[in-house]
Amino acid sequence: MRSFCAVLVALAATAALGGPAATGPQPISEVACLRKMSLDLTHRGPTAAELDKVKTKTATLAQMADAYLASQEFSGVVFDWYRREFPPTSVTPAGIDTEEPARIIRHIVVNDLDFREVMTGNFTVGTDGVASMQVGKPAAGVLSTRHYMSSARGLYRRVWAGRFERQWTGIALTATSIPPGTIDLTRDGLANNPACANCHVHPVFGIDALAKFADCWKDDGSYDGACTTPDAMFLSRPGKGLPALGQLMVGSKEWKAQIVNFYFRLFFGRGLSTSESDFYLAAAQTFETSGFRVRALIKHLVTSSAYCAR
C-alpha cells in the first residue's frame, strides 16, 4: 500500500522557476537560429528556399515561425510531443485508445484554439482527425478520455491524483510504502492520522481531496453514470467531478505556469530557472493575452533572444 508525503510543493511561477540559474548565452546568427527553429518545429532542417529568405531579409524569423507553425510537419511534431506525455502504462487496459489525448491536443494546437480546452473541451478527435462530441460522460477535455483515466489509478485513485498534481501544477509528492495492516488506509483513516492528514486532505494539495474529483470513474477509464459525485477540493477550490476540476485548473496560476514551463523545456532542454522570472512573466503574458493560444506562446519562445543564442 502507498501513502503520500509532500516533499516539494512548487506553486505558481515557482513551479516553472525551479531549475539552476542559467549562464550567459551568446547570440547566434539568424541563419543558425532558423536551423534550430526548423528542427524543433518540423523535425527537419530548413530548405534552401527558406534559408535564402532569411539570408536576403525577405522574411523575418517571426514570419518563418508562422510558416512552420502552420505546416503539416508541425502537426506531426505536436502529436509526437503528446504521445510521449501520455504514454501507456503497466496498468493500461487492453484495447484502450492510448493516442486519444494526443489527438485532442494536436487538434487544439494546430487549429489555434484556446488551450484551456485541453481540460474543459466537450469533444474528442478520432483517428481520422475529425472532432466529435464526447458522449455518455461529463466531458473535461483530455481528462475524461479513457486512456487518461485508466493509465494511473492506485488505492482510492491516489496514484492518479499524484500524477495529476505533477503533470498540471508542478506539485511533487513522494509515495510512501506502508506495511499492510499497520494503519487505516481509508480516506477517513488517513484524514484522522496526524502523520498522514496533511498530505491527504490539505486544501491546496491533498491527494484524497483531489482524488474525489475522479470518484465516479471506473478502473477501465469509463464513467459510472449511477455514481453520486462527491464534494472535492484542490488548490483551495471546491468542486464536484472532472469538469469542475478542469475549470478550476485553467483558472489557476499554477496551470498557466506549468504550461509555459512545459513548452520552455521542449525548446531549451531544461526548466526555467529562478533567475528567469522576467522571461517567464513575458511568456505567460503572451500566452494569456493571445487567448491562451499555444502557437502564440511557441512563437514567442522560438523568436526570443534567449532561443537564438548558444
# chains A, B, ... in the order shown; residues from 1 in each chain; ligands from 1

$ select_by_dssp --residues "segment 55-304 of chain A" --states "strand (DSSP E or B)" --output "MDAnalysis selection string"
chainID A and resid 123:125 131:133 140 142 172:177 217 223 232:234 237:239 272:273

$ closest_atom_pairs --of "segment 217-283 of chain A" --to "segment 158-178 of chain A" --cutoff "10 Å" --atoms "only C-alpha atoms" --output "tab-separated table"
residue	atom	partner	partner_atom	distance
A:Phe234	CA	A:Glu165	CA	9.5
A:Leu235	CA	A:Thr169	CA	9.6
A:Met249	CA	A:Trp168	CA	8.1
A:Val250	CA	A:Trp168	CA	9.6
A:Ser252	CA	A:Thr169	CA	9.1
A:Lys253	CA	A:Thr169	CA	8.8
A:Glu254	CA	A:Thr169	CA	5.1
A:Trp255	CA	A:Thr169	CA	5.3
A:Lys256	CA	A:Thr169	CA	8.4
A:Ala257	CA	A:Thr169	CA	7.7
A:Gln258	CA	A:Thr169	CA	5.7
A:Ile259	CA	A:Trp168	CA	7.7
A:Asn261	CA	A:Gly170	CA	9.6
A:Phe262	CA	A:Gln167	CA	9.4

$ closest_residue --among "A:Ile28, A:Ala191, A:Ile298, A:Val260" --to "Ala284 of chain A" --atoms "only C-alpha atoms"
A:Val260

$ closest_residue --among "A:Pro138, A:Gly24, A:Gly76, A:Gly206" --to "Glu276 of chain A" --atoms "only C-alpha atoms"
A:Gly24

$ residues_around --residues "segment 32-44 of chain A" --least-positions-apart "5" --cutoff "6 Å" --atoms "only C-alpha atoms" --output "ChimeraX atom specification"
/A:73-74,308

$ write_last_selection --atoms "N, CA and C atoms" --output "PDB file, in the first residue's frame"
ATOM      1  N   GLU A  73       3.988  19.349 -41.092  1.00  0.00           N
ATOM      2  CA  GLU A  73       5.074  18.744 -40.312  1.00  0.00           C
ATOM      3  C   GLU A  73       4.934  19.096 -38.832  1.00  0.00           C
ATOM      4  N   PHE A  74       4.569  20.333 -38.560  1.00  0.00           N
ATOM      5  CA  PHE A  74       4.381  20.740 -37.171  1.00  0.00           C
ATOM      6  C   PHE A  74       3.264  19.943 -36.510  1.00  0.00           C
ATOM      7  N   CYS A 308      17.599  32.267 -29.654  1.00  0.00           N
ATOM      8  CA  CYS A 308      18.582  32.487 -30.725  1.00  0.00           C
ATOM      9  C   CYS A 308      19.953  32.792 -30.121  1.00  0.00           C
TER      10      CYS A 308
END

$ atom_distance --atom1 "atom CA of Ser150 of chain A" --atom2 "atom CA of Phe292 of chain A"
27.9 Å

$ closest_residue --among "A:Glu100, A:Asp278, A:Asp184, A:Asp215" --to "Val118 of chain A" --atoms "only C-alpha atoms"
A:Glu100

$ select_by_dssp --residues "segment 35-167 of chain A" --states "helix (DSSP H, G or I)" --output "ChimeraX atom specification"
/A:35-42,48-55,61-69,72-85,100-110,117-120,146-150,155-167

$ atom_distance --atom1 "atom CA of Ala226 of chain A" --atom2 "atom CA of Gly241 of chain A"
13.4 Å

$ residues_around --residues "segment 49-55 of chain A" --least-positions-apart "4" --cutoff "8 Å" --atoms "only C-alpha atoms" --output "number ranges by chain"
A: 30-31, 34, 59-61, 64

$ write_last_selection --atoms "N, CA and C atoms" --output "PDB file, in the first residue's frame"
ATOM      1  N   GLU A  30      20.999  34.713 -37.497  1.00  0.00           N
ATOM      2  CA  GLU A  30      19.613  34.405 -37.846  1.00  0.00           C
ATOM      3  C   GLU A  30      19.514  33.103 -38.625  1.00  0.00           C
ATOM      4  N   VAL A  31      20.508  32.830 -39.457  1.00  0.00           N
ATOM      5  CA  VAL A  31      20.503  31.573 -40.215  1.00  0.00           C
ATOM      6  C   VAL A  31      20.627  30.386 -39.267  1.00  0.00           C
ATOM      7  N   LEU A  34      17.389  29.950 -37.513  1.00  0.00           N
ATOM      8  CA  LEU A  34      16.395  29.323 -38.388  1.00  0.00           C
ATOM      9  C   LEU A  34      16.588  27.810 -38.424  1.00  0.00           C
ATOM     10  N   ALA A  59      12.236  37.550 -45.470  1.00  0.00           N
ATOM     11  CA  ALA A  59      11.347  37.035 -44.431  1.00  0.00           C
ATOM     12  C   ALA A  59      12.067  37.139 -43.092  1.00  0.00           C
ATOM     13  N   THR A  60      11.314  37.494 -42.072  1.00  0.00           N
ATOM     14  CA  THR A  60      11.870  37.565 -40.729  1.00  0.00           C
ATOM     15  C   THR A  60      11.763  36.198 -40.048  1.00  0.00           C
ATOM     16  N   LEU A  61      12.456  36.039 -38.933  1.00  0.00           N
ATOM     17  CA  LEU A  61      12.330  34.796 -38.170  1.00  0.00           C
ATOM     18  C   LEU A  61      10.906  34.618 -37.657  1.00  0.00           C
ATOM     19  N   MET A  64       8.942  33.196 -40.489  1.00  0.00           N
ATOM     20  CA  MET A  64       9.287  31.796 -40.689  1.00  0.00           C
ATOM     21  C   MET A  64       8.656  30.925 -39.598  1.00  0.00           C
TER      22      MET A  64
END

$ closest_atom_pairs --of "segment 130-194 of chain A" --to "segment 87-92 of chain A" --cutoff "10 Å" --atoms "only C-alpha atoms" --output "tab-separated table"
residue	atom	partner	partner_atom	distance
A:Arg146	CA	A:Thr92	CA	9.5
A:His147	CA	A:Thr92	CA	7.2
A:Tyr148	CA	A:Pro88	CA	9.2
A:Met149	CA	A:Thr92	CA	9.3
A:Ser150	CA	A:Thr92	CA	5.9
A:Ser151	CA	A:Thr92	CA	4.7
A:Ala152	CA	A:Val91	CA	6.9
A:Arg153	CA	A:Val91	CA	8.2
A:Gly154	CA	A:Val91	CA	9.8

$ decode --residues "segment 187-296 of chain A" --atoms "C-alpha atoms" --output "CSV table (one decimal), in the first residue's frame"
chain,number,residue,atom,x,y,z
A,187,ARG,CA,-9.7,8.2,3.4
A,188,ASP,CA,-11.2,8.8,6.8
A,189,GLY,CA,-8.4,6.7,8.4
A,190,LEU,CA,-5.6,8.9,6.9
A,191,ALA,CA,-7.5,12.1,7.5
A,192,ASN,CA,-7.6,11.3,11.2
A,193,ASN,CA,-3.9,10.2,11.3
A,194,PRO,CA,-1.7,13.2,12.2
A,195,ALA,CA,1.2,11.7,10.3
A,196,CYS,CA,-0.7,11.5,7.1
A,197,ALA,CA,-3.5,14.1,7.2
A,198,ASN,CA,-1.5,17.0,5.8
A,199,CYS,CA,-0.7,15.3,2.5
A,200,HIS,CA,-4.0,13.6,2.1
A,201,VAL,CA,-6.6,16.2,3.0
A,202,HIS,CA,-4.7,19.5,2.7
A,203,PRO,CA,-7.0,22.0,0.9
A,204,VAL,CA,-4.2,23.0,-1.6
A,205,PHE,CA,-2.5,19.7,-2.5
A,206,GLY,CA,-4.3,17.0,-0.6
A,207,ILE,CA,-4.2,13.7,-2.5
A,208,ASP,CA,-7.5,12.4,-1.3
A,209,ALA,CA,-9.3,15.7,-1.6
A,210,LEU,CA,-8.1,15.9,-5.2
A,211,ALA,CA,-8.9,12.2,-6.0
A,212,LYS,CA,-12.5,12.7,-5.1
A,213,PHE,CA,-13.0,14.6,-8.4
A,214,ALA,CA,-12.4,11.2,-10.1
A,215,ASP,CA,-14.5,9.1,-7.8
A,216,CYS,CA,-17.2,8.2,-10.5
A,217,TRP,CA,-14.7,6.8,-13.0
A,218,LYS,CA,-14.0,3.1,-13.2
A,219,ASP,CA,-10.6,1.5,-13.4
A,220,ASP,CA,-11.1,0.8,-17.1
A,221,GLY,CA,-11.5,4.6,-17.7
A,222,SER,CA,-15.2,4.5,-18.3
A,223,TYR,CA,-17.7,6.7,-16.4
A,224,ASP,CA,-20.2,5.3,-13.8
A,225,GLY,CA,-23.4,7.1,-14.5
A,226,ALA,CA,-25.1,5.7,-11.4
A,227,CYS,CA,-22.4,7.3,-9.1
A,228,THR,CA,-23.1,10.3,-7.0
A,229,THR,CA,-20.3,12.8,-7.4
A,230,PRO,CA,-18.8,13.7,-4.0
A,231,ASP,CA,-17.5,17.1,-2.9
A,232,ALA,CA,-13.8,17.5,-3.7
A,233,MET,CA,-11.2,20.2,-3.3
A,234,PHE,CA,-7.9,21.2,-5.0
A,235,LEU,CA,-5.8,24.4,-4.8
A,236,SER,CA,-8.2,25.5,-2.0
A,237,ARG,CA,-11.1,25.5,-4.6
A,238,PRO,CA,-14.1,23.2,-4.1
A,239,GLY,CA,-15.9,21.3,-6.8
A,240,LYS,CA,-17.6,18.1,-8.0
A,241,GLY,CA,-16.4,15.9,-10.9
A,242,LEU,CA,-13.9,16.3,-13.7
A,243,PRO,CA,-15.5,19.2,-15.5
A,244,ALA,CA,-15.3,21.3,-12.3
A,245,LEU,CA,-11.6,20.2,-11.8
A,246,GLY,CA,-10.8,21.2,-15.4
A,247,GLN,CA,-12.4,24.6,-14.9
A,248,LEU,CA,-10.7,25.4,-11.6
A,249,MET,CA,-7.3,24.3,-13.1
A,250,VAL,CA,-7.4,26.6,-16.1
A,251,GLY,CA,-8.3,29.5,-13.9
A,252,SER,CA,-5.2,28.9,-11.8
A,253,LYS,CA,-1.8,30.5,-11.9
A,254,GLU,CA,-0.3,27.0,-11.3
A,255,TRP,CA,-1.7,25.6,-14.5
A,256,LYS,CA,-0.5,28.6,-16.6
A,257,ALA,CA,3.0,28.4,-15.1
A,258,GLN,CA,3.2,24.7,-15.8
A,259,ILE,CA,2.1,25.0,-19.5
A,260,VAL,CA,4.7,27.8,-20.1
A,261,ASN,CA,7.4,25.7,-18.4
A,262,PHE,CA,6.4,22.6,-20.5
A,263,TYR,CA,7.0,24.4,-23.7
A,264,PHE,CA,10.1,26.1,-22.5
A,265,ARG,CA,11.5,22.7,-21.6
A,266,LEU,CA,10.8,21.5,-25.1
A,267,PHE,CA,12.8,24.2,-26.8
A,268,PHE,CA,15.5,24.9,-24.2
A,269,GLY,CA,16.1,21.4,-22.8
A,270,ARG,CA,15.6,22.4,-19.2
A,271,GLY,CA,13.1,24.1,-16.9
A,272,LEU,CA,13.0,27.9,-16.3
A,273,SER,CA,15.4,29.0,-13.6
A,274,THR,CA,14.7,31.4,-10.7
A,275,SER,CA,16.9,34.0,-12.5
A,276,GLU,CA,14.5,34.0,-15.4
A,277,SER,CA,11.4,35.4,-13.8
A,278,ASP,CA,11.2,38.3,-16.2
A,279,PHE,CA,11.3,35.8,-19.2
A,280,TYR,CA,8.6,33.7,-17.6
A,281,LEU,CA,6.3,36.7,-16.9
A,282,ALA,CA,6.7,37.9,-20.5
A,283,ALA,CA,5.9,34.4,-21.9
A,284,ALA,CA,3.0,33.9,-19.6
A,285,GLN,CA,1.6,37.3,-20.6
A,286,THR,CA,1.9,36.4,-24.3
A,287,PHE,CA,0.1,33.1,-23.6
A,288,GLU,CA,-2.7,34.8,-21.7
A,289,THR,CA,-3.3,37.8,-23.9
A,290,SER,CA,-3.4,35.7,-27.0
A,291,GLY,CA,-6.4,33.9,-25.6
A,292,PHE,CA,-4.3,31.0,-24.3
A,293,ARG,CA,-3.1,30.0,-27.8
A,294,VAL,CA,-0.1,27.7,-27.7
A,295,ARG,CA,1.1,28.8,-31.1
A,296,ALA,CA,1.5,32.4,-29.9
